[in-house]
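For reference, the structure discussed in these notes is given below.
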Amino acid sequence: MKYEAVIGLEIHVQLNAATKLFCDCPNRPGDEPNRNICPVCLWLPGVFPQLSREALEKGVLACLALNCVIQPESAFDQKVYYYPDLPKGYQLSQHHKPLARNGWVDIVAADGQVKRLRIHHVHLEEDVAKLLHETEGRTPISLVDFNRAGTPLIEIVSEPDMRDPHDAMEYIKALRDQLRYTGSAECSLEQGTLRVDANVSLRPLGSKALNTKVEIKNMNAIRNVGDAIAYEITRQTECLEKGEPIVMHTRLWDPEKKVTTPMRAKFEGPCVPDPSVARIVIDDAWLEAVRQRLPEMPAHKAARFMDAYALTAEEAAAVSAERDLSEFFEAVVAHALPPRKVAGWIAGQLFSALKERNRSVGETRLTAARFAELLNLVEREVINTQAAREVLIRLLDSDAPLEEIVEKGGFRQISDTTDLEALVQRVLADHPADVQDFRNGNPKVLGFLMGQAMKTSQGKANPKLLKEMLAKRLG
Amino acid sequence: MPDLFTYRNSLPEQPGADGPLSGMRVAVQPNLSVNGWPCNAGSHALAGYTALADATTVARLTRSGAVLIGSSHMAELGFGLADDTIIQIIADGRAELALITDTMGEARVAASGAGLFGFKPSYGLISRCGLMGLVPSMECIGLVAADPARIGRALAVMAGSDPDDPSMPDDCAAGFSADLPPITAQPTAGIVAEWLEGLNAAERSAFESSLARLDAMGIATRQVNLAPSGLFRDAHQVIAAVEASSSAGKYDGVRYGHRSASGKNWNEMYLNTRAESFGPLIKPFLFQGAYFQFENYSAFENACRIRGRLMRAVTDLLAQVDMLVLPTRRPAHDPGRATTIEETYDAFGLALPANLTGHPVLQVPDPTLAAGTDLGLQLIGRRLDDARLLSIGRQMSSIAGEGC
């Protein structure tokens, strides 16, 4: 029998508000343990949680970016479970009345078609404390770090609309890109500011049934989510073919062995409305004010870039995936440079240079004007592409005049025909056998000789002129 | 005689600050935070816990001149009145005001047994910040004193919006004025027939004779109808048990209070700690709550729906009459001796409807009777009509004082 996978994702995203969700403690879970704590996030008796306005605003902005309908009224519940990372016995979460419902994101499915994936709801909740297990030493001990307790989270619960690992990975990417655009969240799986739980079930192809699902956790890269889902689909298919029933449980992804293994589930209980936390009532004027702050979303921006700048779909997607780079792109294009060339430079050179250094463009010295100036030098053939790449790296950390960088670094292109002529002569003299080979009818040798000439010029020769002259000489 | 106090202020004679309550001596239960005082809420689970700050109400009282003299013994986590000594402190004249957490009628029932006034304000009128509570949607700091005007003066200081308690409803922000209004138009009172169904003949006749005092004030009474009192009790019990089960999770006993020395791993240590910490009355109550949470959640949801209907029904009745009157307690059911949940609920059966609905309610003693034989009379008023109830109470006490 052919089976179809039904996949739904529950994604926790840490909001980057300055404080925790219900108190004024700094929202910096990574600090020295138990540094950012107070009676509220330690849940000491007699204190009341006070909702952070900033966290609410960032949460609403995130929901709007995911096309959700913000609910006029939402409220917190006590989600009861007993575990030492939650010593008060319940987590404040929104179960009965979530912040937002009915959202969606669009992705390009494996078949190349645009597919709309629905979001069931988004709710606010507080993170729990972090447990540290010291297993070395004679007596193993477990420690509790409350820095993370009370960190503001949103949980984004999808509809079970995904059918394969590709859908799931694209959904996470789209969601991540859109949330990053709003500036509400960093959304890094690697850093744990975005955490994915995947629910996977199978059904006979063509069936509409929703069968028993298995939850998978512990994927800390988008690729791992795809691998874990693919593994789980295979595992469940084998179970069904052997006639074994699927039992609802939770499994952990092991990134080393690339398998999922069953884990003991946390004891999780019901959700009781908490009358001690104020209800959230959102009025239209306030919502409108937040909506005004919502930037143009990446998909919309990509479509506009294709229209306005005649970029290809790939180019447009590449320069619009991150908000700061997309804004950088438009600022550079405003200096009357050919948009496709700018897009190529940003998506190719700049993007990887930043990624290698783990910095955003805003964290470098590079400005749109300086970048435009650099591309102008390439356009005017003052420097060649290879040199420009090197200059670009220097511009990341330097405010020196561009002319000075070019001159001091010796990046200026050799376009003087006398110089080039001498270079050609020398290369031909150094490689007589190859010259003979070319003349005997092997055109590939021209590439080799070009490479040798560029190397001799230390990359500075004007490649267009050089090639013309070389070809003429070989005649 | 055992000590009535669990903690005594070492400087009780020190005159308080200048203010409207200057010199008023106040006793509290150890579930209300007073900076530096032990606050164990009567529970082993909080043994040795010391409050880190003043409750908002405590800070407001002391700023207005009141002097906190100490805290009493109390029933574990304020569930009932078993072993509670606060009423004795005030009955002995050691304090002029007692603050008693009122979750099912504790302040009123305790007051009626001692011939005192007991008041539970409208839900949300007083900040709960600093109260180590158990049933957040029903509990309220209750005020007990010999004189309703004194309750009014203290309430005026305590009430009103508090940035540290964001759960307070908007309509309570303005607080409460100390000037009790004169009673102008003659108020009317409704007697809910269904609430009296369980009373025996002696209790009925005692209640009827106490209505004579309303007559003497020109307050007309008439019979009205409402759901049976058992429905109030059942809804209260289901919701209170669920909220208690959830809230009591905070009092884990591990980070403070009693911590078990046994257990193979920390999960067992937590379980043993809770098992050893909670007493024989509260533990089954928490179990009941856990049962509804985990095994029968729809019963909890039904109880919440029923509660909503009962709140509306009482509010609608209070549009026809100015207040509802009923006895406060049945003397045969002594809350001090209640050892089971059922006995505890029996002792508070007449008092708990106002906790379920959140309406303000005043217990008025009958000074012509010896304390202990008086059933007490409860006046349930409209939401935020707290001042009028206290005015009526004051007038009733003056009439009684004239030897009616």
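Going through the structure tokens in order, the chains are called A, B, and so on, while each chain numbers its residues from 1 and the ligands are numbered from 1 in the order shown.
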
Within 10 Å of stretch 85-96 of chain B using only C-alpha atoms, minus same-chain residues under 6 positions, as a compact mmCIF listing (two decimals) with N, CA and C atoms, in the first residue's frame:
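Dumped everything to result-v5.txt:
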# COMPACT_ATOMS: atom_id res chain seq x y z
N PRO B 2 -2.45 27.82 75.46
CA PRO B 2 -1.47 27.90 74.38
C PRO B 2 -1.41 29.31 73.81
N ASP B 3 -0.27 29.66 73.29
CA ASP B 3 -0.10 31.00 72.73
C ASP B 3 -1.02 31.16 71.51
N LEU B 4 -1.71 32.29 71.49
CA LEU B 4 -2.60 32.55 70.35
C LEU B 4 -1.82 32.99 69.12
N PHE B 5 -0.58 33.37 69.36
CA PHE B 5 0.21 33.94 68.26
C PHE B 5 1.24 32.93 67.74
N THR B 6 1.50 32.98 66.43
CA THR B 6 2.66 32.27 65.89
C THR B 6 3.84 33.23 65.80
N GLY B 23 -2.81 54.20 65.49
CA GLY B 23 -2.97 53.43 66.72
C GLY B 23 -3.86 52.21 66.62
N MET B 24 -4.49 51.98 65.48
CA MET B 24 -5.37 50.81 65.35
C MET B 24 -4.51 49.54 65.35
N ARG B 25 -4.81 48.64 66.29
CA ARG B 25 -4.03 47.39 66.36
C ARG B 25 -4.66 46.33 65.46
N VAL B 26 -3.83 45.73 64.66
CA VAL B 26 -4.32 44.79 63.64
C VAL B 26 -3.63 43.44 63.82
N ALA B 27 -4.43 42.38 63.81
CA ALA B 27 -3.85 41.03 63.82
C ALA B 27 -4.03 40.41 62.43
N VAL B 28 -3.06 39.63 62.00
CA VAL B 28 -3.14 38.99 60.69
C VAL B 28 -2.92 37.48 60.83
N GLN B 29 -3.24 36.78 59.76
CA GLN B 29 -2.91 35.36 59.68
C GLN B 29 -1.55 35.23 58.98
N ALA B 66 -1.85 52.19 61.29
CA ALA B 66 -2.20 50.95 61.97
C ALA B 66 -0.93 50.27 62.48
N VAL B 67 -1.08 49.50 63.55
CA VAL B 67 0.06 48.78 64.13
C VAL B 67 -0.23 47.29 64.04
N LEU B 68 0.67 46.55 63.38
CA LEU B 68 0.47 45.11 63.28
C LEU B 68 1.03 44.47 64.54
N ILE B 69 0.16 43.76 65.26
CA ILE B 69 0.63 43.23 66.53
C ILE B 69 1.18 41.81 66.43
N GLY B 70 0.77 41.08 65.39
CA GLY B 70 1.29 39.72 65.28
C GLY B 70 0.41 38.88 64.38
N SER B 71 0.82 37.64 64.22
CA SER B 71 0.00 36.74 63.40
C SER B 71 -0.38 35.52 64.22
N SER B 72 -1.51 34.95 63.82
CA SER B 72 -2.17 33.90 64.60
C SER B 72 -1.79 32.51 64.09
N HIS B 73 -2.35 31.50 64.69
CA HIS B 73 -2.37 30.17 64.08
C HIS B 73 -3.48 30.19 63.03
N MET B 74 -3.36 29.34 62.03
CA MET B 74 -4.43 29.30 61.02
C MET B 74 -4.55 27.89 60.45
N ALA B 75 -5.73 27.64 59.84
CA ALA B 75 -5.93 26.36 59.16
C ALA B 75 -4.97 26.30 57.98
N ALA B 107 -14.02 34.66 57.30
CA ALA B 107 -14.07 35.89 58.11
C ALA B 107 -15.44 36.08 58.75
N ALA B 110 -16.25 33.15 61.40
CA ALA B 110 -15.49 33.38 62.63
C ALA B 110 -16.08 34.55 63.40
N ALA B 111 -16.45 35.63 62.68
CA ALA B 111 -17.00 36.81 63.33
C ALA B 111 -18.33 36.48 64.01
N GLY B 113 -19.38 33.70 65.22
CA GLY B 113 -19.20 32.92 66.43
C GLY B 113 -18.76 33.76 67.61
N ALA B 114 -18.19 34.95 67.32
CA ALA B 114 -17.68 35.80 68.40
C ALA B 114 -18.48 37.08 68.57
N GLY B 115 -19.61 37.15 67.89
CA GLY B 115 -20.45 38.34 68.03
C GLY B 115 -19.83 39.59 67.43
N LEU B 116 -19.11 39.43 66.33
CA LEU B 116 -18.43 40.56 65.70
C LEU B 116 -18.94 40.78 64.27
N VAL B 144 -12.53 41.82 60.11
CA VAL B 144 -13.37 41.53 61.26
C VAL B 144 -13.11 42.57 62.34
N ALA B 145 -14.21 43.15 62.87
CA ALA B 145 -14.09 44.16 63.93
C ALA B 145 -15.41 44.25 64.66
N ALA B 146 -15.41 44.95 65.80
CA ALA B 146 -16.64 45.11 66.56
C ALA B 146 -17.53 46.19 65.97
N ASP B 147 -16.95 47.03 65.12
CA ASP B 147 -17.66 48.21 64.65
C ASP B 147 -17.52 48.30 63.11
N ARG B 150 -15.33 51.05 61.67
CA ARG B 150 -13.89 50.79 61.70
C ARG B 150 -13.48 49.96 60.48
N ILE B 151 -14.33 48.99 60.15
CA ILE B 151 -14.07 48.20 58.95
C ILE B 151 -14.02 49.14 57.74
N GLY B 336 -14.30 25.01 63.69
CA GLY B 336 -13.07 24.73 64.43
C GLY B 336 -12.83 23.24 64.63

Pick out each residue of stretch 186-360 of chain A that DSSP on the backbone tags as strand (DSSP E); I need them as a ChimeraX atom specification. /A:194-204,214-219,250-254,259-263,271-273,280-281

Generate a file of the selected residues that holds N, CA, C and O atoms, formatted as a compact mmCIF listing (two decimals), in the first residue's frame.
# COMPACT_ATOMS: atom_id res chain seq x y z
N LEU A 194 14.66 28.99 18.47
CA LEU A 194 13.53 28.42 17.74
C LEU A 194 13.61 26.92 17.94
O LEU A 194 14.66 26.32 17.71
N ARG A 195 12.53 26.33 18.48
CA ARG A 195 12.56 24.90 18.77
C ARG A 195 11.38 24.23 18.08
O ARG A 195 10.25 24.74 18.16
N VAL A 196 11.65 23.13 17.43
CA VAL A 196 10.63 22.48 16.62
C VAL A 196 10.26 21.12 17.20
O VAL A 196 11.13 20.30 17.47
N ASP A 197 8.96 20.90 17.41
CA ASP A 197 8.46 19.56 17.68
C ASP A 197 7.63 19.17 16.46
O ASP A 197 6.78 19.94 16.03
N ALA A 198 7.92 17.98 15.91
CA ALA A 198 7.19 17.56 14.71
C ALA A 198 6.26 16.41 15.06
O ALA A 198 6.64 15.48 15.78
N ASN A 199 5.02 16.51 14.59
CA ASN A 199 4.06 15.41 14.75
C ASN A 199 3.89 14.74 13.40
O ASN A 199 3.56 15.40 12.42
N VAL A 200 4.14 13.44 13.38
CA VAL A 200 4.11 12.71 12.11
C VAL A 200 3.16 11.53 12.23
O VAL A 200 3.24 10.75 13.19
N SER A 201 2.26 11.39 11.26
CA SER A 201 1.44 10.18 11.19
C SER A 201 1.34 9.77 9.72
O SER A 201 1.69 10.55 8.82
N LEU A 202 0.90 8.57 9.49
CA LEU A 202 0.75 8.08 8.12
C LEU A 202 -0.70 7.70 7.87
O LEU A 202 -1.44 7.37 8.80
N ARG A 203 -1.08 7.73 6.58
CA ARG A 203 -2.41 7.24 6.20
C ARG A 203 -2.30 6.75 4.76
O ARG A 203 -1.42 7.19 4.01
N PRO A 204 -3.19 5.84 4.39
CA PRO A 204 -3.17 5.38 3.01
C PRO A 204 -3.39 6.56 2.06
O PRO A 204 -4.21 7.43 2.36
N VAL A 214 3.08 10.49 16.08
CA VAL A 214 4.25 10.35 16.94
C VAL A 214 4.95 11.71 16.94
O VAL A 214 5.08 12.36 15.90
N GLU A 215 5.36 12.13 18.13
CA GLU A 215 6.01 13.45 18.24
C GLU A 215 7.52 13.25 18.24
O GLU A 215 8.03 12.36 18.91
N ILE A 216 8.23 14.10 17.48
CA ILE A 216 9.69 14.02 17.49
C ILE A 216 10.26 15.36 17.97
O ILE A 216 9.79 16.42 17.58
N LYS A 217 11.26 15.25 18.83
CA LYS A 217 11.91 16.43 19.40
C LYS A 217 13.41 16.37 19.17
O LYS A 217 13.92 15.37 18.70
N ASN A 218 14.08 17.44 19.60
CA ASN A 218 15.55 17.48 19.66
C ASN A 218 16.21 17.63 18.29
O ASN A 218 17.28 17.10 18.07
N MET A 219 15.59 18.40 17.39
CA MET A 219 16.26 18.69 16.13
C MET A 219 16.83 20.09 16.24
O MET A 219 16.08 21.04 16.44
N THR A 250 6.51 10.02 22.28
CA THR A 250 7.47 11.04 21.89
C THR A 250 8.81 10.38 21.62
O THR A 250 9.23 9.49 22.35
N ARG A 251 9.48 10.81 20.56
CA ARG A 251 10.79 10.27 20.21
C ARG A 251 11.80 11.40 20.10
O ARG A 251 11.46 12.53 19.77
N LEU A 252 13.03 11.05 20.39
CA LEU A 252 14.11 12.03 20.30
C LEU A 252 14.96 11.76 19.07
O LEU A 252 15.32 10.61 18.81
N TRP A 253 15.32 12.81 18.34
CA TRP A 253 16.21 12.67 17.19
C TRP A 253 17.65 12.61 17.69
O TRP A 253 18.08 13.42 18.51
N ASP A 254 18.36 11.60 17.24
CA ASP A 254 19.78 11.49 17.57
C ASP A 254 20.58 11.92 16.35
O ASP A 254 20.65 11.19 15.35
N VAL A 259 18.87 8.59 13.89
CA VAL A 259 17.67 7.79 14.15
C VAL A 259 16.85 8.51 15.22
O VAL A 259 17.35 9.39 15.92
N THR A 260 15.56 8.12 15.34
CA THR A 260 14.77 8.60 16.47
C THR A 260 14.62 7.46 17.46
O THR A 260 14.49 6.31 17.06
N THR A 261 14.68 7.82 18.76
CA THR A 261 14.52 6.79 19.79
C THR A 261 13.44 7.24 20.76
O THR A 261 13.29 8.44 21.02
N PRO A 262 12.65 6.29 21.29
CA PRO A 262 11.56 6.70 22.18
C PRO A 262 12.09 7.31 23.48
O PRO A 262 13.14 6.89 23.98
N MET A 263 11.39 8.32 23.98
CA MET A 263 11.78 8.93 25.26
C MET A 263 10.61 8.82 26.22
O MET A 263 9.47 8.69 25.81
N CYS A 271 -5.12 22.28 31.59
CA CYS A 271 -4.90 23.73 31.65
C CYS A 271 -6.07 24.37 32.38
O CYS A 271 -7.21 24.24 31.95
N VAL A 272 -5.77 25.03 33.48
CA VAL A 272 -6.80 25.65 34.30
C VAL A 272 -6.67 27.16 34.16
O VAL A 272 -5.58 27.70 34.31
N PRO A 273 -7.77 27.86 33.87
CA PRO A 273 -7.69 29.32 33.75
C PRO A 273 -7.08 29.94 35.01
O PRO A 273 -7.39 29.51 36.12
N ILE A 280 -5.81 39.78 28.44
CA ILE A 280 -5.27 40.69 27.44
C ILE A 280 -6.45 41.13 26.56
O ILE A 280 -7.10 40.30 25.93
N VAL A 281 -6.73 42.41 26.58
CA VAL A 281 -7.80 42.93 25.72
C VAL A 281 -7.13 43.88 24.73
O VAL A 281 -6.47 44.84 25.13

Find, counting only C-alpha atoms, the residue in B:Asn265, B:Ser210, B:Gln378, B:Gln223 that gets nearest to chain A.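 The closest residue to chain A is B:Asn265.
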
Looking only at the backbone, which of the residues in stretch 281-396 of chain A does DSSP tag as helix (DSSP H, G or I), as a ChimeraX atom specification? /A:284-292,298-309,313-320,323-333,339-357,361-363,368-379,385-395

Proximity of chain B to chain A: per-residue shortest pair, 6 Å limit, only C-alpha atoms, as JSON lines:
{"residue": "B:Cys129", "atom": "CA", "partner": "A:Val47", "partner_atom": "CA", "distance": 5.8}
{"residue": "B:Gly130", "atom": "CA", "partner": "A:Gly46", "partner_atom": "CA", "distance": 4.1}
{"residue": "B:Leu131", "atom": "CA", "partner": "A:Gly46", "partner_atom": "CA", "distance": 4.9}
{"residue": "B:Met132", "atom": "CA", "partner": "A:Gly46", "partner_atom": "CA", "distance": 4.6}
{"residue": "B:Ser137", "atom": "CA", "partner": "A:Pro275", "partner_atom": "CA", "distance": 5.6}
{"residue": "B:Asp165", "atom": "CA", "partner": "A:Phe48", "partner_atom": "CA", "distance": 6.0}
{"residue": "B:Pro166", "atom": "CA", "partner": "A:Ala278", "partner_atom": "CA", "distance": 5.6}
{"residue": "B:Ser167", "atom": "CA", "partner": "A:Ala278", "partner_atom": "CA", "distance": 4.6}
{"residue": "B:Gly249", "atom": "CA", "partner": "A:Gly89", "partner_atom": "CA", "distance": 4.6}
{"residue": "B:Lys250", "atom": "CA", "partner": "A:Lys88", "partner_atom": "CA", "distance": 3.7}
{"residue": "B:Gln293", "atom": "CA", "partner": "A:Pro270", "partner_atom": "CA", "distance": 5.9}

What's around stretch 54-64 of chain A at 10 Å? Count only C-alpha atoms, leave out sequence neighbours fewer than 6 positions away in its own chain, and write the answer as a ChimeraX atom specification. /A:13-22,70-71,99-104,121-124,151-156,175,178-185,280,282,286-287,290-295

Using only C-alpha atoms: which of B:Arg329, B:Arg259, B:His236, B:Arg337 has the shortest distance to B:Ala351: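 When distances to B:Ala351 are compared using only C-alpha atoms, the smallest one comes from B:Arg329.
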
Extract, using only C-alpha atoms, all DNA, RNA and protein residues at most 12 Å from B:Glu197, discarding same-chain residues fewer than 5 positions from it, and format them as JSON, numbers by chain. {"B": [191, 192, 203, 204, 225, 226, 227, 228, 229, 230, 326, 327, 349, 350]}

May I have the residues within 6 Å of B:Thr103 as a PyMOL selection string, using only C-alpha atoms and disregarding those fewer than 2 positions away in the same chain? chain B and resi 105+138-139

From the options B:Ser43, B:Gln237, B:Asn200, B:Asn31, which residue's atoms come nearest to B:Glu342, counting only C-alpha atoms?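 Smallest distance to B:Glu342 is found for B:Gln237.
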
Counting only C-alpha atoms, figure out which residue out of A:Glu314, A:Asp324, A:Glu125, A:Asp145 gets nearest to A:Asp31. A:Asp145

So that I can check the surroundings of stretch 59-65 of chain B, please list as a list of chain:residue names every protein, DNA and RNA residue that reaches within 9 Å of it, counting only C-alpha atoms and ignoring chain neighbours fewer than 5 positions away.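 Answer for this query is B:Pro15, B:Gly16, B:Ala17, B:Asp18, B:Gly19, B:Pro20, B:Leu21, B:Ser22, B:Gly23, B:Met24, B:Val26, B:Val34, B:Asp54, B:Ala154, B:Val157, B:Met158.
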
Residues near B:Ser391, anyone? I mean within 10 Å using only C-alpha atoms, not counting same-chain ones fewer than 6 positions away, as a list in words.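 These residues fall inside the cut-off: Pro148, Ala149, Gly152, Asp179, Leu180, Pro181, Pro182, Ile183 and Ser397 of chain B.
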
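Computed from the coordinates, the atom CA of A:Ser398 to atom CA of A:Asp416 distance equals 29.3 Å.
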
Would you mind telling me which residue in B:Met269, B:Phe300, B:Arg128, B:Ile219 lies nearest to B:Asp164 when using only C-alpha atoms?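 Distance minimum relative to B:Asp164 lands on B:Arg128.
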
Quick one: distance from atom CA of B:Leu356 to atom CA of B:Ile306 in Å, one decimal? 10.3 Å
